[in-house]
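Visitor: What follows is model_22.txt, compact mmCIF, C-alpha atoms.
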```txt
# COMPACT_ATOMS: atom_id res chain seq x y z
CA MET A 1 120.53 68.74 -70.42
CA THR A 2 122.29 69.43 -73.70
CA LEU A 3 120.72 70.38 -77.01
CA VAL A 4 122.24 68.50 -79.96
CA LEU A 5 121.35 69.86 -83.35
CA GLY A 6 121.84 66.83 -85.57
CA PRO A 7 122.81 63.13 -85.65
CA PRO A 8 126.15 61.75 -86.89
CA ALA A 9 126.45 59.90 -90.20
CA PHE A 10 124.46 56.68 -90.55
CA ARG A 11 126.50 53.46 -90.48
CA GLY A 12 124.05 50.68 -89.71
CA ARG A 13 120.40 49.76 -89.44
CA VAL A 14 118.52 50.65 -86.27
CA VAL A 15 115.15 49.32 -85.12
CA LEU A 16 112.56 50.75 -82.75
CA GLY A 17 110.96 48.88 -79.91
CA PRO A 18 107.15 48.89 -79.70
CA PRO A 19 105.72 52.09 -78.19
CA ALA A 20 105.03 52.08 -74.45
CA LEU A 21 102.47 54.60 -73.22
CA ARG A 22 101.52 56.07 -69.89
CA GLY A 23 98.99 58.78 -69.10
CA ARG A 24 95.57 59.88 -67.90
CA ALA A 25 92.50 59.41 -70.05
CA ALA A 26 89.89 62.11 -70.59
CA GLY A 27 87.42 60.55 -68.16
CA ASP A 28 89.89 60.00 -65.33
CA PRO A 29 89.84 62.29 -62.30
CA PRO A 30 92.71 64.77 -62.15
CA ALA A 31 95.72 63.88 -60.09
CA GLY A 32 95.67 64.96 -56.47
CA PRO A 33 97.81 67.87 -55.30
CA ALA A 34 101.48 67.12 -54.89
CA THR A 35 102.77 67.17 -51.33
CA GLY A 36 106.13 66.84 -49.64
CA ALA A 37 109.13 66.26 -51.88
CA ARG A 38 106.91 65.83 -54.93
CA ARG A 39 106.16 69.55 -54.86
CA LEU A 40 109.80 70.20 -55.70
CA VAL A 41 109.86 68.26 -58.97
CA ALA A 42 108.41 68.98 -62.37
CA ASP A 43 104.67 68.45 -62.82
CA PRO A 44 104.08 65.18 -60.88
CA GLU A 45 101.64 63.78 -63.42
CA ALA A 46 104.13 64.28 -66.25
CA VAL A 47 106.92 62.81 -64.09
CA ASP A 48 104.83 59.69 -63.40
CA ALA A 49 103.98 59.27 -67.08
CA VAL A 50 107.63 59.58 -68.18
CA CYS A 51 108.81 57.13 -65.52
CA GLY A 52 106.20 54.53 -66.40
CA ALA A 53 106.76 54.67 -70.16
CA LEU A 54 110.57 54.58 -69.96
CA SER A 55 110.53 51.84 -67.31
CA ALA A 56 108.64 49.57 -69.72
CA HIS A 57 111.74 49.53 -71.96
CA TYR A 58 114.58 50.07 -69.50
CA THR A 59 117.23 47.39 -69.11
CA ALA A 60 119.77 47.46 -66.30
CA GLU A 61 122.34 45.95 -68.67
CA VAL A 62 122.84 49.40 -70.20
CA PRO A 63 122.43 51.86 -67.31
CA ASP A 64 124.20 54.68 -69.15
CA ALA A 65 122.17 54.66 -72.37
CA PRO A 66 121.07 58.15 -73.49
CA VAL A 67 117.49 59.29 -72.95
CA ILE A 68 116.10 61.89 -75.34
CA LEU A 69 113.01 63.74 -74.15
CA VAL A 70 110.65 65.49 -76.53
CA ALA A 71 109.80 68.31 -74.15
CA THR A 72 108.07 70.94 -76.29
CA ASP A 73 104.63 70.57 -74.70
CA TYR A 74 106.03 70.45 -71.19
CA CYS A 75 108.25 73.52 -71.65
CA VAL A 76 105.33 75.57 -73.03
CA TYR A 77 103.16 74.46 -70.11
CA ALA A 78 105.86 75.19 -67.50
CA ALA A 79 106.59 78.62 -68.96
CA ASP A 80 102.88 79.52 -68.95
CA GLN A 81 102.57 78.39 -65.33
CA PHE A 82 105.61 80.40 -64.30
CA ALA A 83 104.37 83.54 -66.07
CA ALA A 84 100.98 83.23 -64.38
CA ARG A 85 102.59 82.92 -60.95
CA CYS A 86 104.82 85.92 -61.60
CA ALA A 87 101.72 87.94 -62.47
CA ASP A 88 99.75 86.78 -59.41
CA PRO A 89 99.74 89.73 -56.97
CA VAL A 90 98.77 87.61 -53.95
CA ARG A 91 101.24 84.77 -54.33
CA ARG A 92 104.96 84.95 -53.72
CA LEU A 93 107.28 82.99 -55.99
CA ARG A 94 108.71 79.82 -54.48
CA PRO A 95 111.84 77.82 -55.39
CA SER A 96 109.62 75.06 -56.80
CA ASP A 97 108.19 77.51 -59.34
CA SER A 98 111.53 77.99 -61.09
CA VAL A 99 112.61 74.35 -60.65
CA ALA A 100 109.57 73.24 -62.65
CA LEU A 101 110.93 75.10 -65.69
CA GLU A 102 113.77 72.57 -66.07
CA PRO A 103 112.68 69.58 -68.20
CA SER A 104 115.38 67.38 -66.66
CA GLY A 105 113.03 67.18 -63.65
CA LEU A 106 110.82 64.90 -65.73
CA LEU A 107 113.42 62.16 -65.26
CA GLN A 108 113.74 62.39 -61.47
CA ARG A 109 111.41 59.53 -60.62
CA PHE A 110 112.77 57.34 -63.42
CA ILE A 111 116.30 57.82 -62.07
CA ALA A 112 115.24 56.98 -58.53
CA ALA A 113 113.28 53.89 -59.62
CA THR A 114 115.83 52.36 -61.99
CA GLY A 115 119.29 53.75 -61.19
CA TRP A 116 119.70 55.05 -64.74
CA ARG A 117 122.81 57.24 -65.01
CA GLY A 118 123.12 58.06 -68.69
CA PRO A 119 123.15 61.41 -70.48
CA GLY A 120 119.84 63.17 -70.99
CA TYR A 121 118.80 65.44 -73.83
CA ALA A 122 115.71 67.63 -74.04
CA LEU A 123 114.58 68.70 -77.50
CA GLY A 124 112.04 71.29 -78.51
CA ASP A 125 110.46 70.90 -81.94
CA PRO A 126 107.95 73.24 -83.61
CA ALA A 127 105.92 70.15 -84.57
CA GLY A 128 105.90 69.08 -80.93
CA ASP A 129 106.47 65.43 -81.81
CA GLY A 130 109.45 63.09 -81.66
CA GLY A 131 110.70 63.27 -85.25
CA ALA A 132 113.93 65.14 -84.43
CA ALA A 133 114.51 63.00 -81.34
CA LEU A 134 114.19 59.79 -83.37
CA ARG A 135 116.72 61.08 -85.89
CA LEU A 136 119.15 61.98 -83.12
CA ALA A 137 118.75 58.62 -81.37
CA THR A 138 119.13 56.76 -84.66
CA GLY A 139 122.37 58.57 -85.37
CA LEU A 140 123.77 57.81 -81.92
CA VAL A 141 123.01 54.08 -82.18
CA ALA A 142 123.84 53.64 -85.87
CA SER A 143 127.23 55.30 -85.48
CA GLY A 144 128.13 53.17 -82.48
CA ARG A 145 128.24 56.12 -80.09
CA ALA A 146 125.51 54.42 -78.04
CA GLY A 147 124.65 50.73 -77.88
CA THR A 148 121.02 51.61 -77.23
CA ALA A 149 119.01 54.80 -76.76
CA TYR A 150 115.59 55.75 -75.41
CA VAL A 151 113.23 58.36 -76.82
CA CYS A 152 110.27 59.65 -74.82
CA GLU A 153 107.65 62.05 -76.16
CA VAL A 154 105.94 64.11 -73.46
CA LEU A 155 102.64 65.18 -75.01
CA ARG A 156 99.91 67.29 -73.42
CA ARG A 157 96.24 67.30 -74.37
CA ALA A 158 94.93 70.73 -75.23
CA ASP A 159 91.42 69.98 -73.94
CA THR A 160 92.14 68.36 -70.56
CA GLY A 161 95.75 69.35 -69.88
CA ALA A 162 96.63 65.69 -69.19
CA PHE A 163 100.13 64.50 -70.03
CA THR A 164 100.87 61.33 -72.00
CA ALA A 165 104.37 59.85 -72.33
CA VAL A 166 105.21 57.66 -75.34
CA ALA A 167 108.57 55.87 -75.15
CA THR A 168 110.64 53.53 -77.30
CA ARG A 169 114.05 51.92 -77.24
CA LEU A 170 116.34 52.03 -80.29
CA ARG A 171 118.96 49.34 -80.84
CA PRO A 172 121.08 47.93 -83.68
CA ALA A 173 119.03 45.63 -85.89
CA ALA A 174 121.46 42.73 -85.35
CA THR A 175 120.73 42.57 -81.61
CA GLU A 176 117.75 41.15 -79.78
CA PRO A 177 115.91 43.25 -77.19
CA SER A 178 116.78 42.12 -73.68
CA ARG A 179 115.43 42.87 -70.25
CA ALA A 180 117.78 40.40 -68.51
CA GLY A 181 119.02 41.75 -65.24
CA ALA A 182 116.43 44.49 -65.22
CA GLU A 183 114.28 44.82 -62.13
CA PRO A 184 110.81 46.18 -62.91
CA SER A 185 110.37 49.39 -60.99
CA ARG A 186 107.39 49.99 -58.76
CA ALA A 187 106.49 52.92 -60.96
CA ALA A 188 106.14 50.62 -63.95
CA THR A 189 103.51 48.50 -62.21
CA GLU A 190 101.40 51.14 -60.50
CA PRO A 191 97.82 51.65 -61.81
CA PHE A 192 98.27 54.79 -63.91
CA HIS A 193 97.15 53.22 -67.20
CA ALA A 194 99.14 50.25 -68.44
CA ALA A 195 102.53 51.01 -69.96
CA GLU A 196 102.88 47.67 -71.76
CA PRO A 197 104.11 48.15 -75.33
CA PHE A 198 101.72 47.46 -78.21
CA HIS A 199 102.65 46.10 -81.62
CA THR A 200 99.82 46.90 -84.04
CA ALA A 201 97.21 49.59 -84.60
CA ALA A 202 94.58 47.07 -83.54
CA GLU A 203 96.20 46.91 -80.09
CA ARG A 204 95.90 50.66 -79.57
CA PRO A 205 95.02 51.29 -75.91
CA ALA A 206 91.35 52.23 -75.57
CA TRP A 207 92.18 55.22 -73.38
CA LEU A 208 94.57 56.82 -75.90
CA ASP A 209 92.92 59.83 -77.49
CA ASP A 210 93.02 60.54 -81.22
CA ALA A 211 95.12 63.70 -80.91
CA THR A 212 97.96 61.96 -79.05
CA TRP A 213 97.79 58.94 -81.34
CA GLU A 214 98.10 61.14 -84.42
CA ARG A 215 100.83 63.39 -82.99
CA SER A 216 103.21 60.69 -81.80
CA ALA A 217 106.12 60.27 -84.21
CA ILE A 218 107.14 57.13 -82.28
CA VAL A 219 103.77 55.49 -82.94
CA ARG A 220 103.74 56.51 -86.61
CA GLU A 221 107.30 55.38 -87.29
CA TYR A 222 107.02 52.07 -85.46
CA LEU A 223 103.79 51.04 -87.17
CA ARG A 224 105.09 52.18 -90.58
CA ALA A 225 108.32 50.21 -90.20
CA ARG A 226 106.48 47.16 -88.87
CA ALA A 227 103.92 47.17 -91.68
CA GLY A 228 106.61 47.37 -94.34
CA ARG A 229 109.25 45.34 -92.49
CA LEU A 230 111.63 48.16 -93.35
CA PRO A 231 114.26 50.07 -91.40
CA ALA A 232 112.79 53.08 -89.67
CA ARG A 233 112.53 56.13 -91.95
CA ALA A 234 114.88 57.93 -89.57
CA ASP A 235 117.58 55.35 -90.50
CA ARG A 236 117.41 56.23 -94.15
CA ALA A 237 117.13 59.97 -93.59
CA ALA A 238 120.12 60.21 -91.22
```
Could you take the file, read its structure, and then write that structure out as structure tokens?
Guide:
Amino acid sequence: MTLVLGPPAFRGRVVLGPPALRGRAAGDPPAGPATGARRLVADPEAVDAVCGALSAHYTAEVPDAPVILVATDYCVYAADQFAARCADPVRRLRPSDSVALEPSGLLQRFIAATGWRGPGYALGDPAGDGGAALRLATGLVASGRAGTAYVCEVLRRADTGAFTAVATRLRPAATEPSRAGAEPSRAATEPFHAAEPFHTAAERPAWLDDATWERSAIVREYLRARAGRLPARADRAA
């Protein structure tokens, strides 16, 4: 993972795909304990959410498109977990404890399910939302450095600790979104709350809590641009 501080100069209009969401609602039972190989990845619930949301937009036509993760919430959670385990006098540290600190682990299931092989970036933002990631992705696509790019916010509820992933695909405005040649992954169809994109506020998934809805920069920017039929604000700010 590489941290990039700012996007290149804007050269063309970029549009966002409708947000795709994956996560656990407040009333759902917590995920079962991870076993086997799943113990060696980042938090399995967050991994599942990221895979499902990104898979809803992924196209095999562009297997090397960049993915930009908004990993603030996950990094804070992983660091707190690691500190607690270090302070636990009856538990020895395991390799999986330190592996979980790396946000690139959030993409492991997505890579296995789709064959994606592009560059990955993990951004931390004091606001915890995807504003900086959208600006970076816009710059990459608008400048021609990437034909398409994915942004995925990994947000964690303060009350339940559940993770929600919100993903979008950015592309030049002159192109049409395409899923031709893309095989839907098993992860995208498993029952862990539907990851189908929505297009209007009225289509907001019933399980999506207010805090996540209000925090998501992807949701805000997509609905704002759609309502005004304007380029995304990130286009004009880049």
Visitor: Name the residues in contact with A:Arg156 at a cut-off of 9 Å, using all atoms listed in the file, excluding same-chain residues fewer than 4 positions from it; report them as a list in words.
Guide: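 Near A:Arg156, the qualifying residues are Ala46, Asp73, Tyr74, Tyr77, Thr160, Gly161, Ala162, Phe163, Thr164, Ala165 and Thr212 of chain A.
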Visitor: Using all atoms listed in the file, give me every residue within 6 Å of (110.4, 71.8, -70.2) in file coordinates, as a ChimeraX atom specification.
Guide: /A:71,74-75,101-103
Visitor: Using atom CA of A:Leu136 and atom CA of A:Gln81 as the two end points, give the distance in Å to one decimal.
Guide: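 A separation of 29.3 Å between them.
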Visitor: Measuring between all atoms listed in the file, which one of A:Asp88, A:Glu45, A:Glu221, A:Asp80 shows the shortest distance to A:Leu16?
Guide: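 Of A:Asp88, A:Glu45, A:Glu221, A:Asp80, the one nearest A:Leu16, counting all atoms listed in the file, is A:Glu221.
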Visitor: Could you check the closest approach to A:Pro44 for each of A:Leu155, A:Leu170, A:Ala100, A:Val219 and tell me which residue wins, using only C-alpha atoms?
Guide: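 Checking each candidate against A:Pro44, we get A:Ala100 as the closest.
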Visitor: Reconstruct all heavy atoms of stretch 59-70 of chain A; output as a PDB file, in the frame of the given file.
Guide:
```
ATOM      1  N   THR A  59     116.466  48.572 -69.481  1.00  0.00           N
ATOM      2  CA  THR A  59     117.230  47.390 -69.110  1.00  0.00           C
ATOM      3  C   THR A  59     118.439  47.809 -68.297  1.00  0.00           C
ATOM      4  O   THR A  59     119.173  48.727 -68.683  1.00  0.00           O
ATOM      5  CB  THR A  59     117.684  46.583 -70.340  1.00  0.00           C
ATOM      6  OG1 THR A  59     118.595  45.557 -69.930  1.00  0.00           O
ATOM      7  CG2 THR A  59     118.367  47.468 -71.380  1.00  0.00           C
ATOM      8  N   ALA A  60     118.650  47.129 -67.175  1.00  0.00           N
ATOM      9  CA  ALA A  60     119.770  47.460 -66.300  1.00  0.00           C
ATOM     10  C   ALA A  60     121.108  47.078 -66.910  1.00  0.00           C
ATOM     11  O   ALA A  60     122.154  47.470 -66.396  1.00  0.00           O
ATOM     12  CB  ALA A  60     119.595  46.765 -64.950  1.00  0.00           C
ATOM     13  N   GLU A  61     121.093  46.322 -68.005  1.00  0.00           N
ATOM     14  CA  GLU A  61     122.340  45.950 -68.670  1.00  0.00           C
ATOM     15  C   GLU A  61     123.031  47.164 -69.273  1.00  0.00           C
ATOM     16  O   GLU A  61     124.236  47.153 -69.489  1.00  0.00           O
ATOM     17  CB  GLU A  61     122.053  44.927 -69.768  1.00  0.00           C
ATOM     18  CG  GLU A  61     121.599  43.564 -69.261  1.00  0.00           C
ATOM     19  CD  GLU A  61     121.264  42.630 -70.408  1.00  0.00           C
ATOM     20  OE1 GLU A  61     120.953  43.134 -71.505  1.00  0.00           O
ATOM     21  OE2 GLU A  61     121.317  41.414 -70.198  1.00  0.00           O
ATOM     22  N   VAL A  62     122.264  48.190 -69.589  1.00  0.00           N
ATOM     23  CA  VAL A  62     122.840  49.400 -70.200  1.00  0.00           C
ATOM     24  C   VAL A  62     122.371  50.605 -69.386  1.00  0.00           C
ATOM     25  O   VAL A  62     121.509  51.378 -69.825  1.00  0.00           O
ATOM     26  CB  VAL A  62     122.401  49.546 -71.671  1.00  0.00           C
ATOM     27  CG1 VAL A  62     123.243  50.617 -72.377  1.00  0.00           C
ATOM     28  CG2 VAL A  62     122.504  48.225 -72.418  1.00  0.00           C
ATOM     29  N   PRO A  63     122.929  50.794 -68.188  1.00  0.00           N
ATOM     30  CA  PRO A  63     122.430  51.860 -67.310  1.00  0.00           C
ATOM     31  C   PRO A  63     122.817  53.259 -67.755  1.00  0.00           C
ATOM     32  O   PRO A  63     122.277  54.239 -67.242  1.00  0.00           O
ATOM     33  CB  PRO A  63     123.073  51.523 -65.967  1.00  0.00           C
ATOM     34  CG  PRO A  63     124.345  50.821 -66.333  1.00  0.00           C
ATOM     35  CD  PRO A  63     124.009  50.010 -67.563  1.00  0.00           C
ATOM     36  N   ASP A  64     123.746  53.356 -68.719  1.00  0.00           N
ATOM     37  CA  ASP A  64     124.200  54.680 -69.150  1.00  0.00           C
ATOM     38  C   ASP A  64     123.736  55.024 -70.559  1.00  0.00           C
ATOM     39  O   ASP A  64     124.290  55.907 -71.205  1.00  0.00           O
ATOM     40  CB  ASP A  64     125.726  54.763 -69.067  1.00  0.00           C
ATOM     41  CG  ASP A  64     126.424  53.686 -69.903  1.00  0.00           C
ATOM     42  OD1 ASP A  64     125.735  52.780 -70.406  1.00  0.00           O
ATOM     43  OD2 ASP A  64     127.658  53.755 -70.042  1.00  0.00           O
ATOM     44  N   ALA A  65     122.699  54.349 -71.043  1.00  0.00           N
ATOM     45  CA  ALA A  65     122.170  54.660 -72.370  1.00  0.00           C
ATOM     46  C   ALA A  65     121.531  56.047 -72.370  1.00  0.00           C
ATOM     47  O   ALA A  65     120.902  56.450 -71.384  1.00  0.00           O
ATOM     48  CB  ALA A  65     121.138  53.607 -72.785  1.00  0.00           C
ATOM     49  N   PRO A  66     121.675  56.810 -73.448  1.00  0.00           N
ATOM     50  CA  PRO A  66     121.070  58.150 -73.490  1.00  0.00           C
ATOM     51  C   PRO A  66     119.552  58.101 -73.532  1.00  0.00           C
ATOM     52  O   PRO A  66     118.959  57.199 -74.128  1.00  0.00           O
ATOM     53  CB  PRO A  66     121.643  58.754 -74.772  1.00  0.00           C
ATOM     54  CG  PRO A  66     122.035  57.587 -75.605  1.00  0.00           C
ATOM     55  CD  PRO A  66     122.448  56.508 -74.668  1.00  0.00           C
ATOM     56  N   VAL A  67     118.942  59.078 -72.883  1.00  0.00           N
ATOM     57  CA  VAL A  67     117.490  59.290 -72.950  1.00  0.00           C
ATOM     58  C   VAL A  67     117.254  60.648 -73.606  1.00  0.00           C
ATOM     59  O   VAL A  67     117.834  61.661 -73.194  1.00  0.00           O
ATOM     60  CB  VAL A  67     116.850  59.267 -71.552  1.00  0.00           C
ATOM     61  CG1 VAL A  67     115.401  59.758 -71.618  1.00  0.00           C
ATOM     62  CG2 VAL A  67     116.890  57.862 -70.959  1.00  0.00           C
ATOM     63  N   ILE A  68     116.415  60.656 -74.621  1.00  0.00           N
ATOM     64  CA  ILE A  68     116.100  61.890 -75.340  1.00  0.00           C
ATOM     65  C   ILE A  68     114.631  62.205 -75.106  1.00  0.00           C
ATOM     66  O   ILE A  68     113.746  61.435 -75.490  1.00  0.00           O
ATOM     67  CB  ILE A  68     116.386  61.746 -76.843  1.00  0.00           C
ATOM     68  CG1 ILE A  68     117.846  61.330 -77.059  1.00  0.00           C
ATOM     69  CG2 ILE A  68     116.096  63.052 -77.571  1.00  0.00           C
ATOM     70  CD1 ILE A  68     118.150  60.882 -78.470  1.00  0.00           C
ATOM     71  N   LEU A  69     114.380  63.316 -74.443  1.00  0.00           N
ATOM     72  CA  LEU A  69     113.010  63.740 -74.150  1.00  0.00           C
ATOM     73  C   LEU A  69     112.529  64.725 -75.202  1.00  0.00           C
ATOM     74  O   LEU A  69     113.249  65.647 -75.587  1.00  0.00           O
ATOM     75  CB  LEU A  69     112.958  64.438 -72.785  1.00  0.00           C
ATOM     76  CG  LEU A  69     113.102  63.605 -71.522  1.00  0.00           C
ATOM     77  CD1 LEU A  69     113.121  64.530 -70.311  1.00  0.00           C
ATOM     78  CD2 LEU A  69     111.976  62.588 -71.395  1.00  0.00           C
ATOM     79  N   VAL A  70     111.308  64.522 -75.655  1.00  0.00           N
ATOM     80  CA  VAL A  70     110.650  65.490 -76.530  1.00  0.00           C
ATOM     81  C   VAL A  70     109.809  66.369 -75.607  1.00  0.00           C
ATOM     82  O   VAL A  70     108.722  65.991 -75.178  1.00  0.00           O
ATOM     83  CB  VAL A  70     109.773  64.779 -77.573  1.00  0.00           C
ATOM     84  CG1 VAL A  70     109.141  65.797 -78.517  1.00  0.00           C
ATOM     85  CG2 VAL A  70     110.596  63.761 -78.346  1.00  0.00           C
TER      86      VAL A  70
END
```
